[in-house]
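Raw coords38.cif, mmCIF, C-alpha atoms and all ligand atoms:
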data_final
#
loop_
_atom_site.label_atom_id
_atom_site.label_comp_id
_atom_site.auth_asym_id
_atom_site.auth_seq_id
_atom_site.Cartn_x
_atom_site.Cartn_y
_atom_site.Cartn_z
CA MET A 1 -15.89 -92.98 119.33
CA THR A 2 -14.04 -96.34 119.44
CA LEU A 3 -16.20 -99.41 119.72
CA GLN A 4 -15.47 -101.70 122.65
CA HIS A 5 -13.79 -104.88 121.38
CA THR A 6 -15.86 -107.80 122.63
CA GLY A 7 -14.35 -110.71 120.72
CA GLU A 8 -10.89 -112.14 120.26
CA TYR A 9 -7.89 -111.42 118.06
CA LEU A 10 -6.06 -113.50 115.51
CA VAL A 11 -2.32 -112.98 115.70
CA GLY A 12 -0.11 -114.23 112.89
CA GLY A 13 1.38 -112.60 109.80
CA GLU A 14 -1.17 -109.86 110.51
CA ILE A 15 -3.42 -109.02 113.44
CA LEU A 16 -7.15 -109.30 112.95
CA SER A 17 -10.32 -108.99 114.94
CA PHE A 18 -12.24 -112.24 115.53
CA THR A 19 -15.77 -111.74 116.77
CA GLN A 20 -18.05 -114.09 118.67
CA GLN A 21 -19.94 -114.56 115.40
CA ARG A 22 -16.63 -115.77 113.90
CA ILE A 23 -16.28 -112.75 111.67
CA VAL A 24 -12.70 -111.87 110.80
CA SER A 25 -12.00 -108.22 110.06
CA PRO A 26 -9.13 -105.70 110.15
CA LEU A 27 -8.37 -103.76 113.32
CA GLN A 28 -8.01 -100.07 113.94
CA LYS A 29 -4.36 -99.01 113.91
CA ASP A 30 -4.10 -98.13 117.60
CA GLU A 31 -5.63 -101.41 118.66
CA GLU A 32 -3.37 -103.34 116.30
CA LYS A 33 -0.37 -101.58 117.81
CA ARG A 34 -1.48 -102.45 121.32
CA ILE A 35 -1.72 -106.15 120.48
CA LYS A 36 1.54 -106.11 118.55
CA ASN A 37 3.34 -104.70 121.58
CA LEU A 38 2.30 -107.53 123.88
CA SER A 39 5.25 -109.56 125.13
CA LYS A 40 5.39 -113.33 124.57
CA LYS A 41 4.23 -113.82 128.13
CA GLU A 42 1.34 -111.41 127.83
CA ARG A 43 0.26 -113.15 124.65
CA ALA A 44 0.53 -116.57 126.24
CA LEU A 45 -1.66 -115.47 129.15
CA ARG A 46 -4.35 -114.49 126.63
CA PHE A 47 -3.90 -117.56 124.43
CA ASN A 48 -7.13 -119.28 123.55
CA GLY A 49 -6.26 -121.67 120.71
CA PHE A 50 -5.22 -121.33 117.10
CA VAL A 51 -6.67 -121.35 113.60
CA ILE A 52 -5.43 -122.08 110.10
CA THR A 53 -6.95 -120.16 107.20
CA ASP A 54 -6.79 -120.75 103.46
CA LYS A 55 -6.12 -118.29 100.63
CA GLN A 56 -9.66 -116.94 100.78
CA GLY A 57 -9.32 -116.32 104.52
CA GLU A 58 -11.68 -119.19 105.40
CA ILE A 59 -10.94 -120.99 108.66
CA ILE A 60 -10.13 -124.58 107.76
CA PHE A 61 -8.73 -125.78 111.10
CA GLU A 62 -9.44 -124.61 114.63
CA ASP A 63 -8.07 -125.98 117.89
CA ARG A 64 -9.05 -124.72 121.34
CA LYS A 65 -7.57 -127.50 123.42
CA ARG A 66 -3.92 -126.57 123.84
CA TYR A 67 -2.58 -125.05 127.03
CA ALA A 68 -0.26 -122.10 126.47
CA GLN A 69 2.02 -123.22 129.34
CA HIS A 70 2.70 -126.51 127.62
CA PHE A 71 4.63 -124.75 124.86
CA PHE A 72 5.69 -121.49 126.51
CA PRO A 73 7.91 -119.57 125.72
CA LEU A 74 7.26 -121.15 122.34
CA SER A 75 3.83 -121.20 120.82
CA VAL A 76 1.94 -124.06 119.24
CA ILE A 77 2.32 -122.02 116.04
CA ASP A 78 6.07 -122.82 116.05
CA TYR A 79 5.12 -126.51 115.80
CA VAL A 80 2.53 -125.82 113.10
CA ARG A 81 5.03 -123.85 111.05
CA ALA A 82 7.78 -126.47 111.37
CA MET A 83 5.38 -129.18 110.20
CA TYR A 84 4.17 -126.99 107.33
CA ASN A 85 7.72 -126.24 106.19
CA PHE A 86 8.56 -129.92 106.37
CA GLU A 87 5.53 -131.08 104.41
CA ARG A 88 5.38 -128.28 101.90
CA HIS A 89 8.97 -127.27 101.40
CA LYS A 90 10.84 -130.41 102.54
CA ARG A 91 12.68 -128.30 105.11
CA PRO A 92 14.14 -130.54 107.84
CA ILE A 93 12.49 -130.28 111.25
CA PRO A 94 14.56 -128.32 113.80
CA ILE A 95 14.63 -129.30 117.46
CA LEU A 96 12.07 -126.93 118.94
CA SER A 97 12.33 -128.09 122.52
CA VAL A 98 14.62 -130.28 124.56
CA ASP A 99 13.78 -131.69 127.95
CA SER A 100 16.93 -132.17 129.99
CA HIS A 101 17.23 -134.59 132.90
CA ASP A 102 20.61 -133.62 134.23
CA VAL A 103 20.73 -134.60 137.89
CA LEU A 104 19.88 -137.77 139.77
CA GLN A 105 19.10 -136.46 143.20
CA CYS A 106 15.96 -135.52 145.05
CA ASP A 107 14.88 -134.58 148.57
CA PHE A 108 11.23 -135.51 147.92
CA LYS A 109 9.65 -138.92 147.76
CA CYS A 110 6.51 -138.09 145.87
CA GLN A 111 3.97 -140.85 145.72
CA ASP A 112 3.49 -140.55 142.00
CA CYS A 113 6.98 -139.52 140.97
CA LEU A 114 7.45 -140.11 137.28
CA SER A 115 11.17 -140.63 137.54
CA ALA A 116 11.27 -142.52 140.82
CA HIS A 117 14.74 -141.10 141.43
CA GLY A 118 17.15 -143.24 143.28
CA THR A 119 14.59 -146.00 143.68
CA ASN A 120 13.85 -147.57 140.37
CA PHE A 121 15.58 -145.16 138.04
CA PRO A 122 17.61 -147.57 135.93
CA VAL A 123 20.98 -145.86 136.25
CA LYS A 124 22.73 -149.09 135.35
CA GLN A 125 21.11 -149.11 131.96
CA PHE A 126 23.01 -146.01 130.98
CA SER A 127 26.62 -146.04 129.91
CA LYS A 128 29.12 -145.38 132.65
CA GLY A 129 29.45 -141.70 133.49
CA ASN A 130 26.29 -140.79 131.57
CA PHE A 131 25.11 -138.55 134.36
CA LYS A 132 28.49 -136.95 135.02
CA MET A 133 27.31 -133.70 133.57
CA ASP A 134 30.46 -131.65 133.74
CA LEU A 135 30.16 -128.10 132.55
CA LYS A 136 32.24 -128.50 129.41
CA THR A 137 30.23 -131.50 128.15
CA TYR A 138 26.90 -129.90 128.96
CA LYS A 139 27.83 -126.68 127.19
CA GLN A 140 28.97 -128.57 124.10
CA MET A 141 25.67 -130.46 123.96
CA LEU A 142 23.65 -127.28 124.26
CA LYS A 143 25.71 -125.56 121.60
CA ALA A 144 25.23 -128.54 119.27
CA ILE A 145 21.45 -128.38 119.78
CA ALA A 146 21.23 -124.61 119.28
CA ASP A 147 23.44 -124.82 116.16
CA TYR A 148 21.45 -127.75 114.77
CA SER A 149 18.20 -125.82 114.97
CA GLU A 150 19.65 -122.54 113.78
CA LYS A 151 20.95 -124.28 110.65
CA ARG A 152 17.36 -125.33 110.06
CA GLY A 153 16.07 -121.81 110.47
CA PHE A 154 14.96 -121.89 114.10
CA LYS A 155 16.38 -119.87 116.97
CA GLY A 156 15.23 -119.92 120.60
CA VAL A 157 15.05 -123.63 121.42
CA ARG A 158 12.95 -124.25 124.52
CA PHE A 159 15.28 -125.83 127.09
CA GLU A 160 13.43 -127.48 129.95
CA GLN A 161 15.44 -128.36 133.03
CA SER A 162 13.49 -130.66 135.25
CA GLY A 163 16.19 -132.86 136.72
CA GLU A 164 15.56 -136.52 137.03
CA GLY A 165 14.87 -135.51 140.59
CA ASN A 166 15.30 -131.99 141.91
CA PRO A 167 17.13 -129.75 139.38
CA ASP A 168 18.10 -127.34 142.19
CA TYR A 169 20.85 -129.84 143.04
CA TYR A 170 22.75 -129.52 139.79
CA LYS A 171 25.94 -127.77 140.79
CA HIS A 172 26.57 -125.90 137.54
CA ARG A 173 22.98 -124.75 137.15
CA GLN A 174 23.70 -121.06 137.24
CA GLU A 175 26.38 -121.24 134.59
CA ILE A 176 24.14 -123.45 132.43
CA LEU A 177 21.27 -120.97 132.70
CA ARG A 178 23.60 -118.14 131.74
CA TYR A 179 25.16 -120.06 128.86
CA ALA A 180 21.78 -121.19 127.49
CA ARG A 181 20.73 -117.57 127.37
CA GLU A 182 23.94 -116.67 125.55
CA LEU A 183 22.96 -119.30 122.96
CA GLU A 184 19.49 -117.70 122.82
CA MET A 185 17.90 -120.86 124.17
CA GLN A 186 14.87 -120.27 126.39
CA SER A 187 15.11 -121.89 129.81
CA VAL A 188 12.09 -123.43 131.46
CA TYR A 189 12.81 -124.49 135.02
CA VAL A 190 10.61 -127.06 136.74
CA SER A 191 11.22 -127.73 140.42
CA THR A 192 9.61 -127.93 143.83
CA GLY A 193 11.91 -125.03 144.68
CA SER A 194 13.05 -126.61 147.93
CA LYS A 195 16.74 -125.92 147.33
CA ILE A 196 16.55 -122.59 145.56
CA ASP A 197 18.81 -120.27 147.51
CA ASP A 198 19.34 -116.53 146.96
CA SER A 199 21.99 -117.03 144.37
CA LEU A 200 20.10 -119.61 142.30
CA ARG A 201 16.94 -117.49 142.53
CA ASN A 202 18.75 -114.43 141.19
CA SER A 203 20.20 -116.42 138.37
CA LEU A 204 16.88 -118.06 137.47
CA VAL A 205 15.09 -114.74 137.43
CA GLU A 206 17.83 -113.19 135.35
CA ASN A 207 18.11 -115.95 132.74
CA ALA A 208 14.98 -118.10 132.55
CA SER A 209 11.81 -117.60 130.53
CA PHE A 210 9.55 -119.70 132.74
CA ILE A 211 9.94 -120.88 136.33
CA ARG A 212 7.32 -123.42 137.35
CA ILE A 213 7.01 -124.66 140.91
CA SER A 214 5.40 -128.06 141.46
CA PHE A 215 3.10 -128.65 144.41
CA PRO A 216 2.65 -132.37 145.15
CA GLY A 217 -0.37 -131.38 147.27
CA ILE A 218 -2.23 -128.44 148.78
CA GLY A 219 -2.18 -127.71 152.53
CA GLU A 220 -2.01 -130.85 154.66
CA ALA A 221 -1.85 -133.04 151.56
CA TYR A 222 1.50 -131.50 150.61
CA LYS A 223 3.40 -133.40 153.29
CA HIS A 224 1.53 -136.62 152.63
CA TYR A 225 2.16 -136.65 148.89
CA SER A 226 5.68 -135.21 148.89
CA GLY A 227 7.15 -137.49 151.54
CA GLN A 228 8.95 -134.34 152.73
CA SER A 229 8.75 -133.22 156.32
CA GLU A 230 11.37 -130.47 156.25
CA PHE A 231 10.09 -128.44 153.34
CA THR A 232 6.45 -127.62 153.90
CA PHE A 233 3.54 -126.25 151.91
CA THR A 234 4.12 -122.86 153.55
CA ASP A 235 7.81 -122.98 152.63
CA ALA A 236 6.83 -123.65 149.02
CA LEU A 237 4.45 -120.66 148.99
CA ASP A 238 7.08 -118.44 150.60
CA GLY A 239 9.58 -119.59 147.97
CA VAL A 240 7.20 -118.63 145.17
CA SER A 241 6.68 -115.27 146.79
CA ARG A 242 10.44 -114.63 146.91
CA ILE A 243 10.77 -115.47 143.22
CA VAL A 244 7.98 -113.02 142.37
CA LYS A 245 9.65 -110.29 144.43
CA GLU A 246 12.99 -110.92 142.76
CA ARG A 247 11.36 -110.78 139.34
CA ASP A 248 9.82 -107.41 140.13
CA LYS A 249 13.15 -106.18 141.48
CA GLN A 250 14.94 -107.20 138.30
CA GLY A 251 12.24 -105.59 136.15
CA ARG A 252 11.28 -108.80 134.36
CA LYS A 253 7.55 -108.81 135.05
CA LYS A 254 6.65 -108.38 131.38
CA ASP A 255 8.71 -111.36 130.18
CA LEU A 256 9.33 -113.94 132.88
CA MET A 257 6.46 -116.35 133.46
CA ILE A 258 6.17 -117.69 137.00
CA GLY A 259 3.80 -120.59 137.36
CA ALA A 260 2.68 -123.39 139.63
CA ARG A 261 1.38 -126.84 138.99
CA VAL A 262 -0.66 -129.00 141.30
CA ALA A 263 -2.23 -132.43 140.96
CA LEU A 264 -5.91 -133.25 141.35
CA ARG A 265 -6.32 -135.11 144.65
CA ALA A 266 -9.27 -136.48 146.51
CA GLU A 267 -8.09 -134.52 149.56
CA HIS A 268 -8.18 -131.25 147.70
CA SER A 269 -11.94 -130.84 147.44
CA ASP A 270 -12.81 -127.19 148.04
CA ASN A 271 -9.15 -126.21 148.11
CA TYR A 272 -8.40 -125.31 144.51
CA PHE A 273 -10.20 -121.99 144.58
CA SER A 274 -8.55 -120.70 147.74
CA PHE A 275 -5.15 -122.01 146.60
CA ALA A 276 -5.47 -120.28 143.22
CA ASN A 277 -6.56 -117.07 144.92
CA LYS A 278 -3.54 -117.20 147.20
CA LEU A 279 -1.21 -117.65 144.23
CA LYS A 280 -2.92 -114.86 142.35
CA ASP A 281 -2.44 -112.55 145.33
CA ILE A 282 1.23 -113.50 145.48
CA GLY A 283 1.50 -112.37 141.87
CA ILE A 284 2.25 -115.52 139.87
CA ASP A 285 1.11 -115.73 136.26
CA SER A 286 -0.19 -119.21 135.72
CA LEU A 287 -1.58 -122.23 137.50
CA GLN A 288 -2.03 -125.65 135.99
CA ILE A 289 -4.23 -128.15 137.79
CA VAL A 290 -3.46 -131.53 136.29
CA LYS A 291 -4.59 -135.11 136.56
CA ILE A 292 -2.05 -137.74 137.47
CA LEU A 293 -1.64 -140.86 135.39
CA VAL A 294 -4.02 -143.72 136.04
CA PRO A 295 -2.30 -146.47 138.09
CA GLU A 296 -1.28 -149.45 135.99
CA GLY A 297 -4.03 -152.00 135.47
CA LYS A 298 -6.82 -149.52 136.31
CA LYS A 299 -9.13 -147.38 134.24
CA PRO A 300 -9.87 -143.65 134.72
CA SER A 301 -13.52 -144.56 135.34
CA ASP A 302 -12.35 -146.35 138.52
CA PHE A 303 -11.55 -142.87 139.91
CA PRO A 304 -14.62 -140.69 139.39
CA LEU A 305 -14.40 -137.01 140.21
CA ASN A 306 -17.13 -135.97 142.61
CA SER A 307 -19.42 -133.08 141.79
CA GLY A 308 -18.04 -130.95 144.66
CA ASP A 309 -14.54 -131.14 143.18
CA ALA A 310 -15.80 -130.40 139.69
CA TYR A 311 -17.68 -127.37 141.01
CA ASP A 312 -14.62 -126.06 142.86
CA LEU A 313 -12.46 -126.53 139.75
CA GLU A 314 -14.92 -124.70 137.55
CA LYS A 315 -15.08 -121.89 140.08
CA THR A 316 -11.28 -121.77 140.09
CA GLU A 317 -11.27 -121.39 136.33
CA THR A 318 -13.25 -118.17 136.68
CA LEU A 319 -10.13 -116.58 138.20
CA ASP A 320 -8.57 -116.71 134.74
CA ASP A 321 -7.97 -113.28 133.27
CA VAL A 322 -5.39 -111.55 131.08
CA ASN A 323 -2.92 -111.43 133.99
CA PHE A 324 -3.50 -114.86 135.48
CA ASN A 325 -3.92 -118.03 133.49
CA VAL A 326 -5.65 -120.98 135.15
CA SER A 327 -5.92 -124.27 133.34
CA ILE A 328 -8.00 -127.15 134.60
CA PRO A 329 -8.23 -130.57 132.90
CA HIS A 330 -10.55 -130.74 129.88
CA GLY A 331 -12.58 -133.68 131.15
CA LEU A 332 -14.04 -133.36 134.65
CA ASP A 333 -15.40 -136.88 134.86
CA SER A 334 -12.43 -138.66 136.46
CA MET A 335 -9.56 -137.81 138.81
CA VAL A 336 -6.85 -139.41 136.67
CA TYR A 337 -6.05 -139.67 132.98
CA SER A 338 -4.77 -142.28 130.63
CA ARG A 339 -2.29 -141.88 127.81
CA GLU A 340 -3.24 -145.19 126.33
CA ILE A 341 -3.34 -145.28 122.54
CA GLU A 342 -6.89 -146.49 122.12
CA ASN A 343 -7.28 -146.34 118.39
CA ARG A 344 -4.11 -147.26 116.54
CA ALA A 345 -5.65 -146.53 113.17
CA GLU A 346 -5.87 -142.88 114.20
CA PHE A 347 -2.36 -142.73 115.61
CA PRO A 348 0.58 -141.53 113.48
CA THR A 349 2.72 -144.17 111.85
CA GLN A 350 5.79 -142.37 113.10
CA CYS A 351 6.60 -140.59 116.33
CA PHE A 352 6.72 -136.86 115.53
CA SER A 353 7.53 -135.96 119.07
CA ALA A 354 10.97 -137.59 118.78
CA ARG A 355 11.87 -135.13 116.04
CA PHE A 356 10.39 -131.94 117.45
CA GLN A 357 11.24 -132.40 121.11
CA PRO A 358 13.72 -135.12 122.01
CA VAL A 359 14.78 -135.82 125.58
CA LEU A 360 18.25 -135.56 127.07
CA ALA A 361 18.89 -137.94 129.94
CA GLY A 362 22.38 -137.16 131.10
CA ARG A 363 24.41 -137.28 127.91
CA SER A 364 22.02 -139.58 126.04
CA LEU A 365 19.40 -138.39 123.59
CA PHE A 366 16.10 -140.28 123.58
CA VAL A 367 12.80 -140.14 121.80
CA CYS A 368 10.59 -139.59 124.84
CA THR A 369 10.20 -140.08 128.58
CA ILE A 370 8.11 -143.24 128.74
CA SER A 371 10.52 -145.31 130.79
CA ASP A 372 10.53 -148.59 128.92
CA ILE A 373 11.07 -146.63 125.71
CA MET A 374 13.50 -144.16 127.13
CA TYR A 375 15.70 -146.70 128.82
CA SER A 376 15.94 -149.17 125.95
CA HIS A 377 19.42 -149.02 124.51
CA ASN A 378 18.26 -149.68 120.98
CA LEU A 379 15.78 -146.81 121.15
CA ARG A 380 18.40 -144.24 122.02
CA LEU A 381 19.21 -141.69 119.36
CA GLY A 382 22.77 -141.45 120.62
CA THR A 383 25.10 -140.53 123.48
CA PHE A 384 27.24 -137.42 123.30
CA ALA A 385 30.96 -138.03 123.63
CA ASN A 386 32.11 -134.54 122.64
CA GLU A 387 32.97 -135.41 119.10
CA GLY A 388 32.09 -133.01 116.31
CA GLY A 389 28.98 -133.65 114.20
CA GLU A 390 27.40 -136.06 116.68
CA LEU A 391 23.95 -134.52 116.71
CA GLU A 392 23.75 -134.49 112.92
CA ARG A 393 24.52 -138.21 113.09
CA PHE A 394 21.96 -138.89 115.86
CA LEU A 395 19.24 -137.11 113.91
CA SER A 396 20.24 -138.21 110.44
CA SER A 397 17.24 -139.53 108.58
CA GLU A 398 18.75 -143.00 108.67
CA ASN A 399 19.13 -143.03 112.46
CA ILE A 400 15.84 -141.36 113.22
CA GLU A 401 14.01 -143.75 110.92
CA ARG A 402 15.76 -146.68 112.57
CA VAL A 403 14.76 -145.50 116.03
CA THR A 404 11.28 -144.22 115.34
CA THR A 405 10.11 -146.83 112.86
CA GLY A 406 7.73 -149.13 114.61
CA ILE A 407 7.91 -147.23 117.89
CA PRO A 408 4.30 -146.17 117.80
CA ALA A 409 3.42 -149.79 117.06
CA GLN A 410 5.29 -150.80 120.20
CA CYS A 411 4.02 -148.03 122.44
CA LYS A 412 0.92 -149.02 124.37
CA SER A 413 0.60 -145.55 125.73
CA CYS A 414 2.21 -142.32 124.60
CA SER A 415 3.75 -139.67 126.83
CA ASN A 416 3.16 -137.08 124.11
CA ILE A 417 -0.14 -138.36 122.84
CA TYR A 418 -1.77 -134.94 122.44
CA ASP A 419 1.20 -133.43 120.60
CA ASN A 420 1.57 -136.47 118.36
CA MET A 421 -2.13 -136.51 117.50
CA LEU A 422 -2.11 -132.79 116.74
CA LEU A 423 0.97 -133.04 114.52
CA PHE A 424 -0.59 -135.97 112.71
CA SER A 425 -3.78 -133.98 112.01
CA LEU A 426 -1.66 -131.13 110.70
CA GLN A 427 0.35 -133.43 108.47
CA LYS A 428 -2.87 -134.80 106.98
CA LEU A 429 -4.21 -131.30 106.44
CA PHE A 430 -1.03 -130.07 104.75
CA ARG A 431 -1.02 -133.11 102.49
CA THR A 432 -4.64 -132.81 101.44
CA ASN A 433 -4.95 -129.04 101.07
CA PRO A 434 -2.40 -127.75 98.54
CA GLN A 435 -3.13 -124.03 99.10
CA LYS A 436 -0.83 -121.59 100.80
CA LEU A 437 -2.09 -121.53 104.37
CA ASN A 438 -1.87 -118.96 107.18
CA PHE A 439 -1.59 -119.63 110.92
CA TYR A 440 -2.90 -117.49 113.76
CA GLU A 441 -2.97 -117.70 117.51
CA ILE A 442 -6.35 -116.80 118.98
CA ILE A 443 -5.91 -114.43 121.88
CA LYS A 444 -8.39 -112.87 124.25
S1 LIG A 501 5.41 -143.14 123.67
FE1 LIG A 501 4.73 -141.60 122.18
S2 LIG A 501 6.36 -140.06 122.24
FE2 LIG A 501 7.19 -141.95 123.12
S3 LIG A 501 8.12 -143.03 121.42
FE3 LIG A 501 6.04 -143.81 121.62
S4 LIG A 501 4.87 -142.56 120.18
FE4 LIG A 501 6.80 -141.47 120.55
#

Show the structure stored in the file as structure tokens.
Ligand code: SF4
Amino acid sequence: MTLQHTGEYLVGGEILSFTQQRIVSPLQKDEEKRIKNLSKKERALRFNGFVITDKQGEIIFEDRKRYAQHFFPLSVIDYVRAMYNFERHKRPIPILSVDSHDVLQCDFKCQDCLSAHGTNFPVKQFSKGNFKMDLKTYKQMLKAIADYSEKRGFKGVRFEQSGEGNPDYYKHRQEILRYARELEMQSVYVSTGSKIDDSLRNSLVENASFIRISFPGIGEAYKHYSGQSEFTFTDALDGVSRIVKERDKQGRKKDLMIGARVALRAEHSDNYFSFANKLKDIGIDSLQIVKILVPEGKKPSDFPLNSGDAYDLEKTETLDDVNFNVSIPHGLDSMVYSREIENRAEFPTQCFSARFQPVLAGRSLFVCTISDIMYSHNLRLGTFANEGGELERFLSSENIERVTTGIPAQCKSCSNIYDNMLLFSLQKLFRTNPQKLNFYEIIK
């Protein structure tokens, strides 16, 4: 008789059982095989944190706060390993992820747009032609990034295409998706989906690893917050449904993650649960309910979350299972969040994020997406001009030191605060504990 497994699993160099009493033990062969055969997506849907163990198998670091979708199709373990190799073996850090803003056009006017396309996006601060993303240039940049990381032992760079506006408008999108796949990059596509036609949908489903549709609001609030009267909430849901059907038709259900993201809104009280249920019925894999940034000059405590909302969110979280991942914000006290660096003494003295996951805005490579940082000429890592060896130059230790030194001192808030803080904790751990360490994802 096989005992029912009631706990979790640790998945790393080996697969182990992890009980509620925190006992780590080997697994029976058939169960081990079952876990080993899970696809990246199936594993991500079961992700529940990670641990680091020492030589004796003792857990010396445990983190339950990361959201799998934040890293997917990578895992937080890829970041842990890159930091470990850097600290222990002086191996240079590869680019793990690149966030590409390749088109300056949008049909929405979202109230809390982070890029404020066409309104205050500082196009003039970029060199002339920066956003003329012709196919040849774009391909050369992607190849340079993939080669850079491969030389440093990492294949499968996460390649997020989120536009600086609506990425559906980029005219060479399909060829870029296909080419990225040829380079073994992993495309993550973030859009409202308003301009996804049959051809783009087929290409996305064929080539991407993760398609995430953003909902500026739920129901009536969609129109209000999107500033869009032609593409409605129902159109967005229908669009998601078509993507799911295409995925099933192409036989990619095991690998391709389809997700949605929606903001916390005062108008949404009592809506999250029914919205999540609808999406679950449609067949998507993941839903992120996120807080928007606190308006400048205000504090999160100025926007308390009422108990009805908190109740509905907690109820929504119960829909989470091994086929449907729901993430709600960690703190349910306020409607909005702040990325302010409150305690500088606890913040890293260098920006790790710039090394692990730089940002491409047109042809320019930047350290992050905080606008006053991103758009400062002197804080740019470089602009591609199709000359050989450019990326090596942009990321040479001299240039990266020049650009990242002092940046955390200048940054009042940090767009990657959680990643930077995590990487800093890991760096401290790897410096203080000289043992050989092992890393495991915790999965349900
Ligand atoms: S805001 Fe954060 S991610 Fe951006 S440069 Fe400053 S420390 Fe780095």

Nearby polymer residues, ligand LIG 501 (chain A), at most 7 Å, only C-alpha atoms and all ligand atoms, as a list in words: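 Checked against 7 Å with only C-alpha atoms and all ligand atoms; the hits are Cys351, Phe352, Ser353, Ala354, Val367, Cys368, Thr369, Ile370, Ile373, Thr404, Ile407, Pro408, Cys411, Ser413, Cys414, Ser415, Asn416 and Ile417 of chain A.
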
Suppose you want the space between CA of Ala260 (chain A) and CA of Ser203 (chain A); what is it in Å?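 It comes out at 18.9 Å.
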
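Every protein or nucleic acid residue with an atom no more than 10 Å from Gln69 (chain A), counting all atoms listed in the file and leaving out same-chain residues fewer than 6 positions away, appears here: Lys41, Ala44, Leu45, Phe47, Ser75, Phe210, Arg212, Met257, Gly259, Ser286, Leu287, Gln288, Asn325, Val326 and Ser327 of chain A.
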
Counting all atoms listed in the file, which of A:Met133, A:Phe275, A:Ala263, A:Leu395 gets nearest to Met335 (chain A)?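 Result for the nearest residue to Met335 (chain A): A:Ala263.
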
Provide the CA of Leu313 (chain A) to CA of Leu332 (chain A) distance in Å, to one decimal place.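 It comes out at 8.7 Å.
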
If I take CA of Asp320 (chain A) and CA of Ser307 (chain A), how far is one from the other in Å, to one decimal? 20.9 Å

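With all atoms listed in the file as the atoms that count, the minimum distance from Ser226 (chain A) to the choices A:Ser194, A:Asn207, A:Asn85, A:Gln410 is reached by A:Ser194.
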
From (5.0, -116.3, 141.7), in the file's coordinates, out to 12 Å: which residues are reached, counting all atoms listed in the file? Answer as a PyMOL selection string. chain A and resi 193+205+210-214+236-248+253+256-261+276+278-287+324

Taking all atoms listed in the file into account, name the residue in A:Arg344, A:Arg363, A:Arg22, A:Arg91 that is nearest to Thr383 (chain A). A:Arg363

Between A:Ser397, A:Ser274, A:Thr318, A:Thr53, single out the one closest to Leu437 (chain A), counting all atoms listed in the file.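 Of all the options, A:Thr53 lies closest to Leu437 (chain A).
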
I need the residue nearest Ser425 (chain A) from this list: A:Gly217, A:Gln21, A:Lys155, A:Phe347. Use only C-alpha atoms for the distance.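 Distance minimum relative to Ser425 (chain A) lands on A:Phe347.
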
With all atoms listed in the file as the counted atoms, please give the residues lying no more than 9 Å from region 267-272 of chain A, apart from itself and same-chain residues fewer than 3 positions off, as an NGL selection string. :A and (217-221 or 264 or 275-277 or 289 or 306 or 308-313 or 315-316)

Output C-alpha atoms for every residue in the selection just made, as a short mmCIF file (atom, residue, chain, number, x, y, z; two decimals), in the coordinates of the input.
data_model
loop_
_atom_site.label_atom_id
_atom_site.label_comp_id
_atom_site.auth_asym_id
_atom_site.auth_seq_id
_atom_site.Cartn_x
_atom_site.Cartn_y
_atom_site.Cartn_z
CA GLY A 217 -0.37 -131.38 147.27
CA ILE A 218 -2.23 -128.44 148.78
CA GLY A 219 -2.18 -127.71 152.53
CA GLU A 220 -2.01 -130.85 154.66
CA ALA A 221 -1.85 -133.04 151.56
CA LEU A 264 -5.91 -133.25 141.35
CA PHE A 275 -5.15 -122.01 146.60
CA ALA A 276 -5.47 -120.28 143.22
CA ASN A 277 -6.56 -117.07 144.92
CA ILE A 289 -4.23 -128.15 137.79
CA ASN A 306 -17.13 -135.97 142.61
CA GLY A 308 -18.04 -130.95 144.66
CA ASP A 309 -14.54 -131.14 143.18
CA ALA A 310 -15.80 -130.40 139.69
CA TYR A 311 -17.68 -127.37 141.01
CA ASP A 312 -14.62 -126.06 142.86
CA LEU A 313 -12.46 -126.53 139.75
CA LYS A 315 -15.08 -121.89 140.08
CA THR A 316 -11.28 -121.77 140.09
#

Using all atoms listed in the file, determine which residues lie at most 10 Å from region 30-35 of chain A, disregarding the query and same-chain residues fewer than 2 positions distant; provide the list as a ChimeraX atom specification. /A:2,5,9-11,14-17,26-28,37-39,42-43,443

Report as a ChimeraX atom specification all protein, DNA and RNA residues lying within 12 Å of Lys136 (chain A), evaluated on only C-alpha atoms, omitting residues in the same chain fewer than 6 positions from it. /A:142-143,172,175-176,179,363,384-386

Neighbour list for Ala208 (chain A) as a list in words, cut-off 8 Å, all atoms listed in the file, skip fewer than 6 positions in-chain: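 So the residues in contact are Leu177, Arg181, Gln186, Ser187, Val188, Tyr189 and Leu256 of chain A.
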
From the options A:Phe231, A:Gln357, A:Gln20, A:Lys65, which residue's atoms come nearest to Ile328 (chain A), counting all atoms listed in the file?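 Nearest candidate to Ile328 (chain A) out of A:Phe231, A:Gln357, A:Gln20, A:Lys65: A:Lys65.
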